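Trainee: Mind looking over this structure? Questions follow.
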Amino acid sequence: MPLIIKARRSRRIRLLVTVFCGLLPIVLGGVILYLQAQRTLEHDTRLTAEEAIRQFELMLDNTAQAARELLPLAGQPCDAVKLALREQVTRRPFVRSTNLVWEDNLYCSSLFGDYQEKVNAGDYTQGTLWLMNGNPVTPDSALLVYRLSDGKQGALTTLDGYHLSNVLRLIGRQTLLLLRVGPNWLSADGKVHVAALPALPVAESKLTSTRYDFTVAAGFAEGETWRYMRSEYPALFSLLIFFGAVSALIGHVLQKRSSSPSHELLRALDAEEFVAYFQPVVHGTNKQWSGAEVLMRWNHPKEGLVRPDLFIPFAEHSGLIVPMTRSLMQQTAKLLGPVSASFDEPFHIGINITASHCKNLELVDDCRTFLSAFAPGSIHLVLELTERELIEPAPVTLQLFEQLHALGVKIAIDDFGTGHSSLGYLRQFNVDFLKIDQSFVAMIGADALSRHILDSIIELSVKLDLGIVAEGVETTEQSDYLSAHGVNFLQGYLFGKPMPGADFIRALTLH
Ligand code: C2E
Ligand code: CA
Ligand code: CA
């Protein structure tokens with residue numbers, strides 16, 4: 001059950017990583033395009049505002065020119081000057097009406113001739129411009145009044161709002177354009193608003209004329225950036241989606257590849273797929289079960305039971321062999337610890353260790369924990385170190401073996417005869433057992449030379465006062481030969497194959 005949940009979780013994580021890889025270029029690219037679109041729109045509004053300022057200044061120049069020409073006439077009787085007033089209206093395209101003022105009193109108008117109206121200079125921003133929402137002649141129709149005064153003389157010329165709103169509408173076809181004069185502002189629909197200039201949602205640009213006191217604001221309505229991107233970047237969007245798909249694919253493939261051997265081993269360790277198998281070891285004399293070697297099997301969800309020589313090299317290479325062995329020791333302690341009190345004599349439990357275990361002192365703690373699960377004196381823990389992979393006698397290694405011996409742990413040299421361990425080496429590590437490699441056991445009954453090698457190994461172990469275990473015993477002939485030559489312990493298919501814990505406990509009670 002935990003295996004299924006873990007597998008499902010890791011599949012979900014892999015899917016999430018793939019989706020993330022796919023979305024990353026799309027989101028990043030999208031953000032870049034969004035920023036680019038905003039820059040383009042800001043550039044647009046700036047150009048539009050500059051153009052509008054230019055147009056308004058041209059119109060105001062026209063209006064101001066009329067006022068300048070009429071100002072000297074102010075004070076003269078209206079009848080004498082009204083033709084001049086009308087001439088300006090006719091001659092100048094943007095001038096709608098002209099008026100003369102004497103002592104802040106509008107007394108002559110191009111439209112009505114004699115007229116009387118008070119002029120309040122405060123209505124004009126900086127005394128020159130007034131954006132009005134119509135006058136008595138055309139109420140509700142915007143009007144920009146230009147005022148020029150000199151002492152008692154004054155001239156007022158007006159610019160029709162129609163021209164202004166035309167500029168706002170035509171220059172900024174897609175752009176929103178607003179014209180502010182003093183406290184009022186004009187929108188493209190020709191309406192004058194008495195309020196502060198509203199903020200424009202997208203890419204707002206505000207520019208103030210350097211020559212007349214007015215400001216132009218240009219910008220776009222909400223959502224314009226997206227609309228612009230949709231209309232201008234469809235090809236780039238397709239490219240982003242293509243990159244997203246490629247990136248998701250690469251992410252997927254890399255993840256597949258990253259389930260390299262060590263990755264897969266780590267997953268299996270998490271999922272508790274490494275299980276302990278037990279092979280009995282018997283006494284050389286009476287063939288009673290005297291112990292067991294713990295052998296690792298990988299209970300792979302797809303491949304089934306995997307042989308250790310197929311994965312142990314990877315486990316050693318990645319250093320994962322240490323936690324894997326720890327798991328095996330825990331399983332062994334859990335299985336045999338509870339029955340250990342019933343053992344008549346110390347039961348040998350062989351655990352295979354590797355060079356990775358000898359790099360620090362962690363193994364001491366593992367062994368201490370292991371031993372604490374058994375009734376005191378009920379077992380002999382034998383660590384089997386293969387001769388093929390000789391370890392360097394570094395200070396930490398010697399310290400490790402010293403501490404292991406102090407704990408009562410025994411050391412066996414596995415596959416003895418296949419490597420090159422010297423006598424000095426055997427002494428240095430204080431070895432307790434030699435395990436004769438099965439290739440030598442297989443030689444029993446063969447030629448005299450092969451038997452001679454086997455005999456020398458047995459002789460050596462007797463001389464060195466080492467316990468001796470023969471593995472790979474398959475026939476009674478081999479068993480008899482080894483027993484006759486004083487081999488203390490035998491291990492092989494003849495006595496029992498490696499078996500799962502439950503089977504081993506059942507067989508143990510029978511023996
Ligand atoms: P090994 O330590 O020399 O273990 C003995 C191997 O010989 C075992 O193979 C066992 O099943 C096999 N064997 C025992 N009796 C007979 C027999 O009568 N005939 C034949 N033909 N074979 C027999 P296994 O279990 O496949 O393990 C192979 C090797 O993998 C082990 O050799 C050991 O080097 C390594 N290994 C297994 N478990 C572990 C472990 O937990 N840790 C480490 N580091 N290595 C392990
Ligand atoms: Ca072994
Ligand atoms: Ca062996």
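In the structure tokens, the first chain shown is A, the next is B, and so on; residue numbers restart at 1 for each chain, and ligands run from 1 in the order shown.
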Throw together the list of residues within 12 Å of ligand 2, counting only C-alpha atoms and all ligand atoms, and drop it here as a ChimeraX atom specification.

Mentor: /A:278-279,281,292-296,308-309,349-354,382-388,411-416,433-438,469-472,491-492,498

Trainee: For Leu41 (chain A), please output as a list in words all residues within 10 Å (counting only C-alpha atoms; exclusion window: fewer than 2 positions along the same chain).

Mentor: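 So, after excluding close chain neighbours, the residues are Leu35, Gln36, Ala37, Gln38, Arg39, His43, Asp44, Thr45, Arg46, Leu47, Thr175, Val202, Ala203, Glu204, Ser205, Gly219, Phe220, Glu224, Thr225 and Tyr228 of chain A.
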
Trainee: Please identify the alpha helix (DSSP H) residues within region 182-376 of chain A (assignment by DSSP from backbone atoms) and present them as an MDAnalysis selection string.

Mentor: chainID A and resid 224:232 234:258 261:270 308:318 321:336 362:372

Trainee: With C-alpha atoms retained, write the just-selected residues as a PDB file, in the first residue's frame.

Mentor:
ATOM      1  CA  GLU A 224      -5.872  47.532 -24.438  1.00  0.00           C
ATOM      2  CA  THR A 225      -2.524  45.784 -23.762  1.00  0.00           C
ATOM      3  CA  TRP A 226      -4.094  42.335 -24.220  1.00  0.00           C
ATOM      4  CA  ARG A 227      -6.073  43.475 -27.237  1.00  0.00           C
ATOM      5  CA  TYR A 228      -2.887  44.848 -28.785  1.00  0.00           C
ATOM      6  CA  MET A 229      -0.984  41.616 -28.051  1.00  0.00           C
ATOM      7  CA  ARG A 230      -3.730  39.509 -29.588  1.00  0.00           C
ATOM      8  CA  SER A 231      -3.767  41.558 -32.755  1.00  0.00           C
ATOM      9  CA  GLU A 232      -0.002  42.156 -33.136  1.00  0.00           C
ATOM     10  CA  PRO A 234      -0.233  35.976 -32.933  1.00  0.00           C
ATOM     11  CA  ALA A 235       2.896  34.488 -34.546  1.00  0.00           C
ATOM     12  CA  LEU A 236       4.964  35.044 -31.398  1.00  0.00           C
ATOM     13  CA  PHE A 237       2.235  33.417 -29.317  1.00  0.00           C
ATOM     14  CA  SER A 238       2.349  30.335 -31.513  1.00  0.00           C
ATOM     15  CA  LEU A 239       6.135  30.282 -31.121  1.00  0.00           C
ATOM     16  CA  LEU A 240       5.773  30.489 -27.323  1.00  0.00           C
ATOM     17  CA  ILE A 241       3.375  27.574 -27.294  1.00  0.00           C
ATOM     18  CA  PHE A 242       5.826  25.638 -29.453  1.00  0.00           C
ATOM     19  CA  PHE A 243       8.682  26.437 -27.020  1.00  0.00           C
ATOM     20  CA  GLY A 244       6.441  25.444 -24.105  1.00  0.00           C
ATOM     21  CA  ALA A 245       5.735  22.078 -25.694  1.00  0.00           C
ATOM     22  CA  VAL A 246       9.444  21.505 -26.438  1.00  0.00           C
ATOM     23  CA  SER A 247      10.411  22.516 -22.895  1.00  0.00           C
ATOM     24  CA  ALA A 248       7.758  20.222 -21.384  1.00  0.00           C
ATOM     25  CA  LEU A 249       9.055  17.400 -23.539  1.00  0.00           C
ATOM     26  CA  ILE A 250      12.668  18.056 -22.466  1.00  0.00           C
ATOM     27  CA  GLY A 251      11.555  18.219 -18.809  1.00  0.00           C
ATOM     28  CA  HIS A 252       9.733  14.928 -19.220  1.00  0.00           C
ATOM     29  CA  VAL A 253      12.684  13.197 -20.902  1.00  0.00           C
ATOM     30  CA  LEU A 254      15.202  14.540 -18.359  1.00  0.00           C
ATOM     31  CA  GLN A 255      13.062  13.301 -15.497  1.00  0.00           C
ATOM     32  CA  LYS A 256      12.848   9.893 -17.125  1.00  0.00           C
ATOM     33  CA  ARG A 257      16.599   9.920 -17.489  1.00  0.00           C
ATOM     34  CA  SER A 258      17.110  11.102 -13.936  1.00  0.00           C
ATOM     35  CA  PRO A 261      20.142   3.562 -11.068  1.00  0.00           C
ATOM     36  CA  SER A 262      20.849   5.492  -7.868  1.00  0.00           C
ATOM     37  CA  HIS A 263      17.592   7.443  -8.173  1.00  0.00           C
ATOM     38  CA  GLU A 264      15.697   4.226  -8.664  1.00  0.00           C
ATOM     39  CA  LEU A 265      17.498   2.604  -5.710  1.00  0.00           C
ATOM     40  CA  LEU A 266      16.596   5.549  -3.495  1.00  0.00           C
ATOM     41  CA  ARG A 267      12.969   5.218  -4.506  1.00  0.00           C
ATOM     42  CA  ALA A 268      13.072   1.482  -3.802  1.00  0.00           C
ATOM     43  CA  LEU A 269      14.658   2.108  -0.401  1.00  0.00           C
ATOM     44  CA  ASP A 270      11.876   4.566   0.441  1.00  0.00           C
ATOM     45  CA  PRO A 308      21.758  -8.823  -5.552  1.00  0.00           C
ATOM     46  CA  ASP A 309      24.726  -8.978  -7.903  1.00  0.00           C
ATOM     47  CA  LEU A 310      22.621  -6.970 -10.406  1.00  0.00           C
ATOM     48  CA  PHE A 311      22.113  -3.975  -8.119  1.00  0.00           C
ATOM     49  CA  ILE A 312      24.649  -4.175  -5.256  1.00  0.00           C
ATOM     50  CA  PRO A 313      27.455  -2.648  -7.419  1.00  0.00           C
ATOM     51  CA  PHE A 314      25.234   0.421  -8.096  1.00  0.00           C
ATOM     52  CA  ALA A 315      24.278   0.604  -4.429  1.00  0.00           C
ATOM     53  CA  GLU A 316      27.958   0.585  -3.466  1.00  0.00           C
ATOM     54  CA  HIS A 317      28.825   3.163  -6.078  1.00  0.00           C
ATOM     55  CA  SER A 318      26.142   5.572  -4.862  1.00  0.00           C
ATOM     56  CA  ILE A 321      24.465   0.359   0.335  1.00  0.00           C
ATOM     57  CA  VAL A 322      24.843   1.753   3.885  1.00  0.00           C
ATOM     58  CA  PRO A 323      21.139   2.619   4.454  1.00  0.00           C
ATOM     59  CA  MET A 324      20.152  -0.499   2.500  1.00  0.00           C
ATOM     60  CA  THR A 325      22.202  -2.713   4.834  1.00  0.00           C
ATOM     61  CA  ARG A 326      20.727  -0.848   7.797  1.00  0.00           C
ATOM     62  CA  SER A 327      17.247  -1.707   6.549  1.00  0.00           C
ATOM     63  CA  LEU A 328      18.289  -5.364   6.186  1.00  0.00           C
ATOM     64  CA  MET A 329      19.641  -5.395   9.743  1.00  0.00           C
ATOM     65  CA  GLN A 330      16.397  -3.892  11.034  1.00  0.00           C
ATOM     66  CA  GLN A 331      14.363  -6.575   9.249  1.00  0.00           C
ATOM     67  CA  THR A 332      16.625  -9.310  10.634  1.00  0.00           C
ATOM     68  CA  ALA A 333      16.430  -7.945  14.179  1.00  0.00           C
ATOM     69  CA  LYS A 334      12.647  -7.700  13.911  1.00  0.00           C
ATOM     70  CA  LEU A 335      12.381 -11.293  12.697  1.00  0.00           C
ATOM     71  CA  LEU A 336      14.933 -13.076  14.890  1.00  0.00           C
ATOM     72  CA  GLU A 362      28.380   4.673  11.560  1.00  0.00           C
ATOM     73  CA  LEU A 363      28.447   0.891  11.355  1.00  0.00           C
ATOM     74  CA  VAL A 364      29.280   0.672  15.068  1.00  0.00           C
ATOM     75  CA  ASP A 365      25.986   2.330  15.986  1.00  0.00           C
ATOM     76  CA  ASP A 366      24.087   0.157  13.506  1.00  0.00           C
ATOM     77  CA  CYS A 367      25.592  -2.972  15.046  1.00  0.00           C
ATOM     78  CA  ARG A 368      24.921  -1.760  18.578  1.00  0.00           C
ATOM     79  CA  THR A 369      21.258  -1.145  17.726  1.00  0.00           C
ATOM     80  CA  PHE A 370      21.112  -4.531  16.024  1.00  0.00           C
ATOM     81  CA  LEU A 371      22.576  -6.406  18.999  1.00  0.00           C
ATOM     82  CA  SER A 372      20.280  -4.637  21.442  1.00  0.00           C
TER      83      SER A 372
END

Trainee: Under the rule that only C-alpha atoms and all ligand atoms are counted, which of A:Leu361, A:Val409, A:Val306, A:Val181 is the nearest residue to ligand 1?

Mentor: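 Among the listed residues, the smallest separation from ligand 1 belongs to A:Val306.
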
Trainee: Among region 132-305 of chain A, which ones does DSSP place in strand (DSSP E or B), written as number ranges by chain?

Mentor: A: 132-134, 139-150, 153-160, 176-181, 184-186, 192-194, 202-208, 215-220, 274-283, 289-300, 304-305

Trainee: Given the choices A:Ile391, A:His380, A:Leu179, A:Asp189, which gets closest to Ala52 (chain A) if the distance is worked out from only C-alpha atoms?

Mentor: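 Distance minimum relative to Ala52 (chain A) lands on A:Leu179.
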
Trainee: Distance CA of Ser479 (chain A)-CA of Thr285 (chain A), one decimal place?

Mentor: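 The value is 9.8 Å.
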